[in-house]
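This is upload-v6.pdb. It holds PDB, C-alpha atoms, pLDDT in the B column.
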```
ATOM      1  CA  PHE A   1      88.947 100.246  88.568  1.00 31.00           C
ATOM      2  CA  LEU A   2      88.871  99.200  92.202  1.00 41.00           C
ATOM      3  CA  ARG A   3      85.170  99.830  92.637  1.00 40.00           C
ATOM      4  CA  ASP A   4      84.051  98.346  89.312  1.00 38.00           C
ATOM      5  CA  SER A   5      86.023  95.114  89.620  1.00 36.00           C
ATOM      6  CA  LEU A   6      84.934  94.571  93.201  1.00 40.00           C
ATOM      7  CA  TYR A   7      81.310  95.100  92.246  1.00 33.00           C
ATOM      8  CA  LEU A   8      81.496  92.540  89.447  1.00 32.00           C
ATOM      9  CA  TYR A   9      83.198  89.976  91.681  1.00 36.00           C
ATOM     10  CA  ASN A  10      80.969  90.408  94.698  1.00 38.00           C
ATOM     11  CA  LYS A  11      77.580  91.386  93.321  1.00 34.00           C
ATOM     12  CA  ALA A  12      76.074  88.158  94.726  1.00 34.00           C
ATOM     13  CA  ILE A  13      76.505  89.453  98.280  1.00 38.00           C
ATOM     14  CA  LEU A  14      74.823  92.773  97.582  1.00 40.00           C
ATOM     15  CA  TRP A  15      77.932  94.940  97.443  1.00 42.00           C
ATOM     16  CA  THR A  16      77.757  97.837  95.006  1.00 44.00           C
ATOM     17  CA  PRO A  17      80.502 100.043  93.572  1.00 40.00           C
ATOM     18  CA  GLU A  18      79.726 102.628  96.218  1.00 48.00           C
ATOM     19  CA  ASP A  19      80.206 100.070  98.997  1.00 53.00           C
ATOM     20  CA  VAL A  20      83.997  99.977  98.657  1.00 59.00           C
ATOM     21  CA  VAL A  21      86.067 103.132  98.789  1.00 64.00           C
ATOM     22  CA  LEU A  22      89.831 103.549  99.012  1.00 73.00           C
ATOM     23  CA  ASP A  23      90.405 107.169  99.967  1.00 75.00           C
ATOM     24  CA  ASP A  24      93.477 109.330  99.598  1.00 77.00           C
ATOM     25  CA  ALA A  25      94.538 108.523 103.177  1.00 83.00           C
ATOM     26  CA  GLY A  26      94.716 104.825 102.370  1.00 87.00           C
ATOM     27  CA  VAL A  27      91.553 103.835 104.252  1.00 88.00           C
ATOM     28  CA  LEU A  28      89.704 100.983 102.539  1.00 86.00           C
ATOM     29  CA  THR A  29      86.087 101.195 103.707  1.00 83.00           C
ATOM     30  CA  LEU A  30      83.687  98.276 103.231  1.00 80.00           C
ATOM     31  CA  THR A  31      79.976  98.867 103.787  1.00 76.00           C
ATOM     32  CA  GLY A  32      78.387  95.910 102.045  1.00 74.00           C
ATOM     33  CA  ALA A  33      76.376  93.027 103.467  1.00 79.00           C
ATOM     34  CA  GLY A  34      77.187  89.331 103.660  1.00 84.00           C
ATOM     35  CA  ALA A  35      80.217  87.083 103.370  1.00 87.00           C
ATOM     36  CA  MET A  36      83.275  88.090 101.392  1.00 86.00           C
ATOM     37  CA  PRO A  37      84.262  85.424  98.856  1.00 85.00           C
ATOM     38  CA  ASP A  38      87.507  83.490  99.113  1.00 90.00           C
ATOM     39  CA  PHE A  39      90.355  84.350  96.778  1.00 89.00           C
ATOM     40  CA  GLU A  40      92.699  81.764  95.290  1.00 88.00           C
ATOM     41  CA  THR A  41      95.918  83.707  95.901  1.00 85.00           C
ATOM     42  CA  GLY A  42      97.192  87.028  97.137  1.00 78.00           C
ATOM     43  CA  ASP A  43      97.001  88.409  93.596  1.00 84.00           C
ATOM     44  CA  ASP A  44      93.327  87.694  92.982  1.00 80.00           C
ATOM     45  CA  GLN A  45      91.735  90.376  95.147  1.00 80.00           C
ATOM     46  CA  PRO A  46      90.005  93.106  93.152  1.00 77.00           C
ATOM     47  CA  TRP A  47      92.170  95.613  95.041  1.00 80.00           C
ATOM     48  CA  SER A  48      95.438  93.745  94.475  1.00 82.00           C
ATOM     49  CA  LEU A  49      96.814  96.480  92.219  1.00 82.00           C
ATOM     50  CA  ASP A  50      96.047  99.058  94.917  1.00 84.00           C
ATOM     51  CA  ARG A  51      97.172  97.127  97.981  1.00 86.00           C
ATOM     52  CA  ALA A  52     100.403  99.119  98.342  1.00 89.00           C
ATOM     53  CA  SER A  53      98.129 102.112  99.044  1.00 89.00           C
ATOM     54  CA  VAL A  54      95.993 100.393 101.706  1.00 90.00           C
ATOM     55  CA  PHE A  55      96.922 101.548 105.212  1.00 92.00           C
ATOM     56  CA  SER A  56      93.681 100.775 107.059  1.00 91.00           C
ATOM     57  CA  VAL A  57      90.619  98.558 106.570  1.00 90.00           C
ATOM     58  CA  VAL A  58      87.282  99.549 108.090  1.00 87.00           C
ATOM     59  CA  GLY A  59      84.096  97.540 107.707  1.00 84.00           C
ATOM     60  CA  GLU A  60      80.521  97.912 108.901  1.00 80.00           C
ATOM     61  CA  VAL A  61      78.619  95.238 110.795  1.00 82.00           C
ATOM     62  CA  GLY A  62      76.923  93.897 107.654  1.00 84.00           C
ATOM     63  CA  ILE A  63      80.100  92.125 106.561  1.00 87.00           C
ATOM     64  CA  THR A  64      80.059  88.686 108.184  1.00 91.00           C
ATOM     65  CA  SER A  65      83.319  87.084 107.027  1.00 92.00           C
ATOM     66  CA  ILE A  66      86.680  87.867 105.502  1.00 92.00           C
ATOM     67  CA  GLY A  67      87.623  85.649 102.588  1.00 91.00           C
ATOM     68  CA  SER A  68      90.799  83.632 102.205  1.00 95.00           C
ATOM     69  CA  HIS A  69      93.764  85.743 101.009  1.00 95.00           C
ATOM     70  CA  ALA A  70      91.580  88.872 101.154  1.00 92.00           C
ATOM     71  CA  PHE A  71      94.354  91.190 102.325  1.00 92.00           C
ATOM     72  CA  ASP A  72      97.299  88.912 101.707  1.00 92.00           C
ATOM     73  CA  LEU A  73     100.563  90.880 101.317  1.00 92.00           C
ATOM     74  CA  CYS A  74      99.049  94.288 102.083  1.00 93.00           C
ATOM     75  CA  LYS A  75     102.399  95.226 103.547  1.00 94.00           C
ATOM     76  CA  LYS A  76     101.488  98.813 104.432  1.00 94.00           C
ATOM     77  CA  LEU A  77      98.271  97.885 106.236  1.00 95.00           C
ATOM     78  CA  THR A  78      98.539  98.989 109.884  1.00 94.00           C
ATOM     79  CA  SER A  79      95.031  98.635 111.341  1.00 92.00           C
ATOM     80  CA  VAL A  80      91.866  96.596 110.836  1.00 92.00           C
ATOM     81  CA  SER A  81      88.434  97.259 112.326  1.00 90.00           C
ATOM     82  CA  LEU A  82      85.750  94.750 111.349  1.00 89.00           C
ATOM     83  CA  PRO A  83      83.132  94.768 114.114  1.00 90.00           C
ATOM     84  CA  GLY A  84      80.625  92.376 112.543  1.00 90.00           C
ATOM     85  CA  VAL A  85      82.957  89.717 111.172  1.00 94.00           C
ATOM     86  CA  ALA A  86      82.412  86.201 112.590  1.00 96.00           C
ATOM     87  CA  SER A  87      85.115  84.352 110.649  1.00 97.00           C
ATOM     88  CA  VAL A  88      88.493  85.171 109.137  1.00 97.00           C
ATOM     89  CA  GLY A  89      89.546  83.030 106.200  1.00 97.00           C
ATOM     90  CA  GLU A  90      92.778  81.208 105.506  1.00 97.00           C
ATOM     91  CA  SER A  91      95.780  83.510 104.929  1.00 97.00           C
ATOM     92  CA  ALA A  92      93.469  86.535 105.034  1.00 96.00           C
ATOM     93  CA  PHE A  93      96.187  88.826 106.413  1.00 96.00           C
ATOM     94  CA  ASN A  94      99.176  86.743 105.418  1.00 94.00           C
ATOM     95  CA  TYR A  95     102.431  88.729 105.816  1.00 96.00           C
ATOM     96  CA  CYS A  96     100.804  92.077 106.491  1.00 96.00           C
ATOM     97  CA  THR A  97     104.100  93.056 108.058  1.00 97.00           C
ATOM     98  CA  ALA A  98     103.046  96.559 109.212  1.00 97.00           C
ATOM     99  CA  LEU A  99      99.803  95.432 110.871  1.00 96.00           C
ATOM    100  CA  THR A 100      99.768  96.430 114.546  1.00 93.00           C
ATOM    101  CA  THR A 101      96.083  96.756 115.503  1.00 83.00           C
ATOM    102  CA  VAL A 102      93.241  94.317 114.839  1.00 88.00           C
ATOM    103  CA  SER A 103      89.700  94.721 116.168  1.00 87.00           C
ATOM    104  CA  LEU A 104      87.550  91.620 115.636  1.00 92.00           C
ATOM    105  CA  PRO A 105      85.174  91.623 118.621  1.00 93.00           C
ATOM    106  CA  GLU A 106      82.672  89.183 117.078  1.00 94.00           C
ATOM    107  CA  ALA A 107      85.093  86.777 115.389  1.00 96.00           C
ATOM    108  CA  VAL A 108      84.451  83.129 116.299  1.00 97.00           C
ATOM    109  CA  THR A 109      86.777  81.333 113.877  1.00 98.00           C
ATOM    110  CA  ILE A 110      90.288  82.319 112.825  1.00 98.00           C
ATOM    111  CA  GLY A 111      91.411  80.372 109.764  1.00 98.00           C
ATOM    112  CA  ASN A 112      94.690  78.638 109.082  1.00 98.00           C
ATOM    113  CA  SER A 113      97.605  81.049 108.560  1.00 98.00           C
ATOM    114  CA  ALA A 114      95.234  84.001 108.922  1.00 97.00           C
ATOM    115  CA  PHE A 115      97.870  86.307 110.397  1.00 97.00           C
ATOM    116  CA  VAL A 116     101.056  84.386 109.683  1.00 97.00           C
ATOM    117  CA  GLY A 117     104.114  86.632 109.497  1.00 97.00           C
ATOM    118  CA  CYS A 118     102.383  89.763 110.833  1.00 97.00           C
ATOM    119  CA  SER A 119     105.631  90.728 112.472  1.00 97.00           C
ATOM    120  CA  ALA A 120     104.554  94.145 113.840  1.00 97.00           C
ATOM    121  CA  MET A 121     101.493  92.929 115.767  1.00 95.00           C
ATOM    122  CA  THR A 122     101.935  93.235 119.550  1.00 93.00           C
ATOM    123  CA  PHE A 123      98.529  92.399 121.049  1.00 92.00           C
ATOM    124  CA  VAL A 124      95.621  90.136 120.069  1.00 90.00           C
ATOM    125  CA  SER A 125      92.227  90.096 121.786  1.00 90.00           C
ATOM    126  CA  LEU A 126      89.571  87.752 120.422  1.00 94.00           C
ATOM    127  CA  PRO A 127      86.865  87.736 123.112  1.00 95.00           C
ATOM    128  CA  LYS A 128      84.380  85.500 121.274  1.00 97.00           C
ATOM    129  CA  ALA A 129      86.678  83.252 119.266  1.00 97.00           C
ATOM    130  CA  THR A 130      86.366  79.514 119.887  1.00 98.00           C
ATOM    131  CA  ASN A 131      88.725  78.114 117.258  1.00 98.00           C
ATOM    132  CA  ILE A 132      92.222  79.171 116.212  1.00 98.00           C
ATOM    133  CA  GLY A 133      93.414  77.520 113.000  1.00 98.00           C
ATOM    134  CA  GLU A 134      96.807  76.036 112.293  1.00 98.00           C
ATOM    135  CA  GLN A 135      99.648  78.557 111.969  1.00 98.00           C
ATOM    136  CA  ALA A 136      97.175  81.377 112.561  1.00 98.00           C
ATOM    137  CA  PHE A 137      99.743  83.634 114.233  1.00 97.00           C
ATOM    138  CA  ASP A 138     102.871  81.775 113.205  1.00 97.00           C
ATOM    139  CA  PHE A 139     105.984  83.986 113.422  1.00 96.00           C
ATOM    140  CA  CYS A 140     104.216  87.089 114.697  1.00 97.00           C
ATOM    141  CA  THR A 141     107.537  87.951 116.250  1.00 97.00           C
ATOM    142  CA  GLN A 142     106.460  91.103 118.146  1.00 97.00           C
ATOM    143  CA  LEU A 143     103.284  89.605 119.591  1.00 96.00           C
ATOM    144  CA  ALA A 144     103.500  90.007 123.373  1.00 96.00           C
ATOM    145  CA  THR A 145     100.002  89.265 124.741  1.00 96.00           C
ATOM    146  CA  ILE A 146      97.155  87.039 123.593  1.00 95.00           C
ATOM    147  CA  SER A 147      93.671  87.081 125.109  1.00 96.00           C
ATOM    148  CA  ILE A 148      91.511  84.199 123.830  1.00 96.00           C
ATOM    149  CA  PRO A 149      89.240  83.440 126.805  1.00 96.00           C
ATOM    150  CA  ASN A 150      86.639  81.385 124.920  1.00 97.00           C
ATOM    151  CA  VAL A 151      88.880  79.466 122.565  1.00 98.00           C
ATOM    152  CA  THR A 152      88.528  75.705 123.008  1.00 98.00           C
ATOM    153  CA  HIS A 153      90.798  74.588 120.170  1.00 98.00           C
ATOM    154  CA  ILE A 154      94.256  75.979 119.393  1.00 98.00           C
ATOM    155  CA  GLY A 155      95.534  74.564 116.121  1.00 98.00           C
ATOM    156  CA  GLY A 156      99.003  73.248 115.431  1.00 98.00           C
ATOM    157  CA  TRP A 157     101.803  75.801 115.139  1.00 98.00           C
ATOM    158  CA  SER A 158      99.316  78.596 115.937  1.00 98.00           C
ATOM    159  CA  PHE A 159     101.879  80.653 117.829  1.00 98.00           C
ATOM    160  CA  ASP A 160     105.061  78.954 116.692  1.00 98.00           C
ATOM    161  CA  GLY A 161     107.966  81.390 116.558  1.00 98.00           C
ATOM    162  CA  CYS A 162     106.229  84.148 118.540  1.00 98.00           C
ATOM    163  CA  SER A 163     109.535  84.867 120.223  1.00 98.00           C
ATOM    164  CA  ASN A 164     108.354  87.943 122.180  1.00 98.00           C
ATOM    165  CA  LEU A 165     105.161  86.376 123.481  1.00 98.00           C
ATOM    166  CA  THR A 166     105.104  86.707 127.267  1.00 98.00           C
ATOM    167  CA  THR A 167     101.452  86.296 128.329  1.00 98.00           C
ATOM    168  CA  VAL A 168      98.600  84.073 127.175  1.00 98.00           C
ATOM    169  CA  TYR A 169      95.022  84.040 128.502  1.00 98.00           C
ATOM    170  CA  ALA A 170      93.371  80.816 127.323  1.00 98.00           C
ATOM    171  CA  ASP A 171      90.723  80.244 129.973  1.00 97.00           C
ATOM    172  CA  ASN A 172      88.723  77.470 128.321  1.00 98.00           C
ATOM    173  CA  VAL A 173      91.151  75.743 125.994  1.00 98.00           C
ATOM    174  CA  ALA A 174      90.391  72.031 125.606  1.00 98.00           C
ATOM    175  CA  ILE A 175      92.712  70.987 122.770  1.00 98.00           C
ATOM    176  CA  ILE A 176      96.177  72.301 121.954  1.00 98.00           C
ATOM    177  CA  GLY A 177      97.627  71.170 118.641  1.00 97.00           C
ATOM    178  CA  MET A 178     101.091  70.133 117.535  1.00 97.00           C
ATOM    179  CA  ALA A 179     103.886  72.649 118.260  1.00 98.00           C
ATOM    180  CA  ALA A 180     101.305  75.334 119.041  1.00 98.00           C
ATOM    181  CA  PHE A 181     103.665  77.295 121.303  1.00 98.00           C
ATOM    182  CA  GLN A 182     106.934  76.009 119.911  1.00 98.00           C
ATOM    183  CA  ASN A 183     109.771  78.561 120.020  1.00 98.00           C
ATOM    184  CA  CYS A 184     107.860  80.949 122.282  1.00 98.00           C
ATOM    185  CA  THR A 185     111.142  81.637 124.005  1.00 98.00           C
ATOM    186  CA  SER A 186     109.886  84.575 126.119  1.00 98.00           C
ATOM    187  CA  LEU A 187     106.688  82.992 127.437  1.00 98.00           C
ATOM    188  CA  ALA A 188     106.384  83.832 131.128  1.00 98.00           C
ATOM    189  CA  HIS A 189     102.695  83.325 132.025  1.00 98.00           C
ATOM    190  CA  LEU A 190      99.922  81.139 130.675  1.00 98.00           C
ATOM    191  CA  TYR A 191      96.521  81.512 132.362  1.00 98.00           C
ATOM    192  CA  SER A 192      93.818  78.861 132.045  1.00 98.00           C
ATOM    193  CA  ASN A 193      90.896  77.312 133.916  1.00 97.00           C
ATOM    194  CA  THR A 194      91.341  73.916 132.256  1.00 97.00           C
ATOM    195  CA  ALA A 195      92.784  71.173 134.432  1.00 95.00           C
ATOM    196  CA  ALA A 196      93.896  68.822 131.661  1.00 94.00           C
ATOM    197  CA  PRO A 197      93.496  69.873 128.022  1.00 97.00           C
ATOM    198  CA  THR A 198      94.219  67.354 125.299  1.00 97.00           C
ATOM    199  CA  ILE A 199      97.906  67.664 124.366  1.00 97.00           C
ATOM    200  CA  ASN A 200      99.460  64.814 122.432  1.00 89.00           C
ATOM    201  CA  ASP A 201     102.591  66.377 120.966  1.00 93.00           C
ATOM    202  CA  SER A 202     105.899  66.628 122.788  1.00 95.00           C
ATOM    203  CA  TYR A 203     106.854  69.746 120.779  1.00 97.00           C
ATOM    204  CA  VAL A 204     103.833  71.785 121.837  1.00 98.00           C
ATOM    205  CA  PHE A 205     105.925  73.837 124.287  1.00 98.00           C
ATOM    206  CA  PHE A 206     109.327  73.183 122.729  1.00 98.00           C
ATOM    207  CA  HIS A 207     111.786  75.921 123.760  1.00 98.00           C
ATOM    208  CA  VAL A 208     109.332  77.509 126.210  1.00 98.00           C
ATOM    209  CA  PRO A 209     111.505  78.507 129.202  1.00 98.00           C
ATOM    210  CA  GLY A 210     111.536  76.363 132.318  1.00 98.00           C
ATOM    211  CA  THR A 211     110.776  79.527 134.309  1.00 98.00           C
ATOM    212  CA  ALA A 212     107.353  79.980 132.668  1.00 98.00           C
ATOM    213  CA  VAL A 213     104.365  79.732 135.020  1.00 98.00           C
ATOM    214  CA  LEU A 214     101.070  78.002 134.235  1.00 98.00           C
ATOM    215  CA  HIS A 215      98.316  79.624 136.311  1.00 98.00           C
ATOM    216  CA  LEU A 216      95.342  77.399 137.175  1.00 97.00           C
ATOM    217  CA  PRO A 217      92.431  77.695 139.646  1.00 97.00           C
ATOM    218  CA  ALA A 218      92.810  76.384 143.181  1.00 96.00           C
ATOM    219  CA  SER A 219      90.267  73.699 142.268  1.00 95.00           C
ATOM    220  CA  CYS A 220      92.861  72.275 139.843  1.00 95.00           C
ATOM    221  CA  GLN A 221      95.422  71.790 142.588  1.00 93.00           C
ATOM    222  CA  GLY A 222      97.747  68.971 141.599  1.00 89.00           C
ATOM    223  CA  SER A 223      96.689  68.963 137.937  1.00 91.00           C
ATOM    224  CA  THR A 224      99.429  69.027 135.333  1.00 91.00           C
ATOM    225  CA  TRP A 225      99.566  69.575 131.580  1.00 97.00           C
ATOM    226  CA  ASN A 226     101.342  67.167 129.270  1.00 95.00           C
ATOM    227  CA  TYR A 227     104.769  68.450 128.259  1.00 97.00           C
ATOM    228  CA  TRP A 228     104.507  71.736 130.185  1.00 98.00           C
ATOM    229  CA  PRO A 229     108.151  72.585 130.945  1.00 97.00           C
ATOM    230  CA  GLY A 230     107.703  75.223 133.616  1.00 97.00           C
ATOM    231  CA  ASN A 231     106.145  75.847 137.006  1.00 97.00           C
ATOM    232  CA  TYR A 232     102.593  75.800 138.312  1.00 97.00           C
ATOM    233  CA  SER A 233     100.643  78.302 140.366  1.00 97.00           C
ATOM    234  CA  TYR A 234      97.108  77.485 141.528  1.00 96.00           C
ATOM    235  CA  ASP A 235      96.149  81.102 142.046  1.00 95.00           C
ATOM    236  CA  ARG A 236      93.334  81.881 139.617  1.00 91.00           C
TER     237      ARG A 236
END
```
So that I can check it, write out the structure of this file as structure tokens.
Amino acid sequence: FLRDSLYLYNKAILWTPEDVVLDDAGVLTLTGAGAMPDFETGDDQPWSLDRASVFSVVGEVGITSIGSHAFDLCKKLTSVSLPGVASVGESAFNYCTALTTVSLPEAVTIGNSAFVGCSAMTFVSLPKATNIGEQAFDFCTQLATISIPNVTHIGGWSFDGCSNLTTVYADNVAIIGMAAFQNCTSLAHLYSNTAAPTINDSYVFFHVPGTAVLHLPASCQGSTWNYWPGNYSYDR
């Protein structure tokens, strides 16, 4: 059932029944080519009836994007490796509450609510990403470290409620949206090379501790960020 329905839905992007396999260990392997379609809800994926058996998703470099709601509510999914994916759609991994490991080395765009409620995730590294959508990591309550060195735009509420987040590397951020780091009550260090990103919302760092340190280059000496509640160190 899983193979046949996926083939019928995705035949336009050259996937065949043999391109999608869910094995007995719960590894969903995707070897097709092209962009995955978007799904309307978390119940529309061809594998929705099998999602309680999906523990890992592995894709080859031919897959270029993950569709909206693709793995929504796969609550036993623990790891994702998609080395060729450039974009992750809206709510793609919505409330995958067991997800701890994500490898997306080529991802450029992370859609709105892509990982919202992934409460087991501890570390995110997106080396090529440039845009983080609204609520992308909202309430990822175990997330401790974020490395997004090439991101220029952080959407509103992106990390809202990430209560264990301690360290953020956002070297080139230019725009930070509404309440992006609201309720990040453990934030201790934010590293950036940007002297004055666009920040127009007073809630962007709401409930970030006053002891948090914003690390900027020596060349930014004297620069300040709107609404930053903590200290500055010009030591980068």
Would you write out, as a compact mmCIF listing (two decimals) with C-alpha atoms, in the coordinates of the input, every residue that the PyMOL selection byres ((chain A and resi 218-232) around 8) captures in this file?
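After the write, result.txt holds the following:
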```txt
# COMPACT_ATOMS: atom_id res chain seq x y z
CA THR A 194 91.34 73.92 132.26
CA ALA A 195 92.78 71.17 134.43
CA ALA A 196 93.90 68.82 131.66
CA PRO A 197 93.50 69.87 128.02
CA ILE A 199 97.91 67.66 124.37
CA ASN A 200 99.46 64.81 122.43
CA ASP A 201 102.59 66.38 120.97
CA SER A 202 105.90 66.63 122.79
CA TYR A 203 106.85 69.75 120.78
CA VAL A 204 103.83 71.78 121.84
CA PHE A 205 105.92 73.84 124.29
CA VAL A 208 109.33 77.51 126.21
CA PRO A 209 111.50 78.51 129.20
CA GLY A 210 111.54 76.36 132.32
CA THR A 211 110.78 79.53 134.31
CA ALA A 212 107.35 79.98 132.67
CA VAL A 213 104.36 79.73 135.02
CA LEU A 214 101.07 78.00 134.24
CA HIS A 215 98.32 79.62 136.31
CA LEU A 216 95.34 77.40 137.18
CA PRO A 217 92.43 77.69 139.65
CA SER A 233 100.64 78.30 140.37
CA TYR A 234 97.11 77.48 141.53
CA ASP A 235 96.15 81.10 142.05
CA ARG A 236 93.33 81.88 139.62
```
Quiz item: When you draw a straight line from CA of Thr78 (chain A) to CA of Cys118 (chain A), how long is it in Å?
Solution: 10.0 Å
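Taken over the whole file, the PyMOL selection byres ((chain A and resi 136) around 9) covers exactly Glu90, Ser91, Ile110, Gly111, Asn112, Ser113, Ala114, Phe115, Val116, Ile132, Gly133, Glu134, Gln135, Phe137, Asp138, Gly155, Gly156, Trp157, Ser158 and Phe159 of chain A.
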Box centre and edge lengths (Å, one decimal), axis-aligned, region 186-190 of chain A plus 4 Å each side, as AutoDock Vina command-line options:
```
--center_x 104.9 --center_y 82.9 --center_z 129.1 --size_x 18.0 --size_y 11.4 --size_z 13.9
```
Quiz item: Which residues fall under the PyMOL selection byres ((chain A and resi 104) around 7) in this file, as an MDAnalysis selection string?
Solution: chainID A and resid 81:83 85 102:103 105:107 126
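In this model, the gap between CA of Ser192 (chain A) and CA of Asn94 (chain A) comes to 28.3 Å.
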Exercise. Enter the distance from CA of Ser163 (chain A) to CA of Val54 (chain A), in Å, rounded to one decimal.
Key: 27.7 Å
Neighbouring residues of Ala52 (chain A) were defined as those with any atom within 7 Å, considering only C-alpha atoms; residues of the same chain fewer than 3 positions away were excluded. Please report them as a short mmCIF file (atom, residue, chain, number, x, y, z; two decimals) with C-alpha atoms, in the frame of the given file.
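Output saved as result38.cif:
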```cif
data_model
loop_
_atom_site.label_atom_id
_atom_site.label_comp_id
_atom_site.auth_asym_id
_atom_site.auth_seq_id
_atom_site.Cartn_x
_atom_site.Cartn_y
_atom_site.Cartn_z
CA CYS A 74 99.05 94.29 102.08
CA LYS A 75 102.40 95.23 103.55
CA LYS A 76 101.49 98.81 104.43
#
```
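The closest residue to Ala180 (chain A), picked from A:Ala25, A:Val88, A:Ile154, A:Cys140 and counting all atoms listed in the file, is A:Ile154.
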Practice problem: Show which residues sit within 7 Å of Phe123 (chain A), as a PyMOL selection string. Count all atoms listed in the file, and ignore same-chain residues fewer than 6 positions away. | Solution: chain A and resi 143-146
Quiz item: Near Tyr169 (chain A), within 6 Å and counting only C-alpha atoms, which residues show up once chain neighbours fewer than 3 positions away are dropped, as a PyMOL selection string?
Solution: chain A and resi 147-148+191
Please reconstruct the missing atoms of region 25-31 of chain A (target: all heavy atoms) and return them as an mmCIF file, keeping the file's coordinate frame.
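What landed in result-v9.cif:
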```cif
data_model
loop_
_atom_site.group_PDB
_atom_site.id
_atom_site.type_symbol
_atom_site.label_atom_id
_atom_site.label_comp_id
_atom_site.auth_asym_id
_atom_site.auth_seq_id
_atom_site.Cartn_x
_atom_site.Cartn_y
_atom_site.Cartn_z
ATOM 1 N N ALA A 25 93.762 108.809 101.971
ATOM 2 C CA ALA A 25 94.538 108.523 103.177
ATOM 3 C C ALA A 25 94.869 107.039 103.307
ATOM 4 O O ALA A 25 95.490 106.622 104.284
ATOM 5 C CB ALA A 25 93.785 109.000 104.417
ATOM 6 N N GLY A 26 94.425 106.251 102.337
ATOM 7 C CA GLY A 26 94.716 104.825 102.370
ATOM 8 C C GLY A 26 93.762 104.012 103.200
ATOM 9 O O GLY A 26 94.066 102.881 103.588
ATOM 10 N N VAL A 27 92.567 104.549 103.484
ATOM 11 C CA VAL A 27 91.553 103.835 104.252
ATOM 12 C C VAL A 27 90.612 103.120 103.280
ATOM 13 O O VAL A 27 89.934 103.760 102.472
ATOM 14 C CB VAL A 27 90.745 104.778 105.160
ATOM 15 C CG1 VAL A 27 89.677 103.997 105.925
ATOM 16 C CG2 VAL A 27 91.660 105.512 106.121
ATOM 17 N N LEU A 28 90.605 101.791 103.358
ATOM 18 C CA LEU A 28 89.704 100.983 102.539
ATOM 19 C C LEU A 28 88.452 100.724 103.365
ATOM 20 O O LEU A 28 88.508 100.023 104.378
ATOM 21 C CB LEU A 28 90.368 99.670 102.143
ATOM 22 C CG LEU A 28 89.571 98.744 101.225
ATOM 23 C CD1 LEU A 28 89.389 99.385 99.850
ATOM 24 C CD2 LEU A 28 90.253 97.399 101.094
ATOM 25 N N THR A 29 87.337 101.296 102.955
ATOM 26 C CA THR A 29 86.087 101.195 103.707
ATOM 27 C C THR A 29 85.126 100.251 102.999
ATOM 28 O O THR A 29 84.847 100.406 101.810
ATOM 29 C CB THR A 29 85.431 102.581 103.859
ATOM 30 O OG1 THR A 29 86.346 103.458 104.526
ATOM 31 C CG2 THR A 29 84.146 102.488 104.683
ATOM 32 N N LEU A 30 84.624 99.266 103.756
ATOM 33 C CA LEU A 30 83.687 98.276 103.231
ATOM 34 C C LEU A 30 82.354 98.442 103.941
ATOM 35 O O LEU A 30 82.286 98.365 105.167
ATOM 36 C CB LEU A 30 84.218 96.863 103.482
ATOM 37 C CG LEU A 30 85.660 96.577 103.049
ATOM 38 C CD1 LEU A 30 86.058 95.169 103.479
ATOM 39 C CD2 LEU A 30 85.828 96.737 101.554
ATOM 40 N N THR A 31 81.281 98.657 103.175
ATOM 41 C CA THR A 31 79.976 98.867 103.787
ATOM 42 C C THR A 31 78.916 97.921 103.230
ATOM 43 O O THR A 31 77.740 98.161 103.361
ATOM 44 C CB THR A 31 79.514 100.324 103.604
ATOM 45 O OG1 THR A 31 79.460 100.633 102.217
ATOM 46 C CG2 THR A 31 80.460 101.292 104.293
#
```
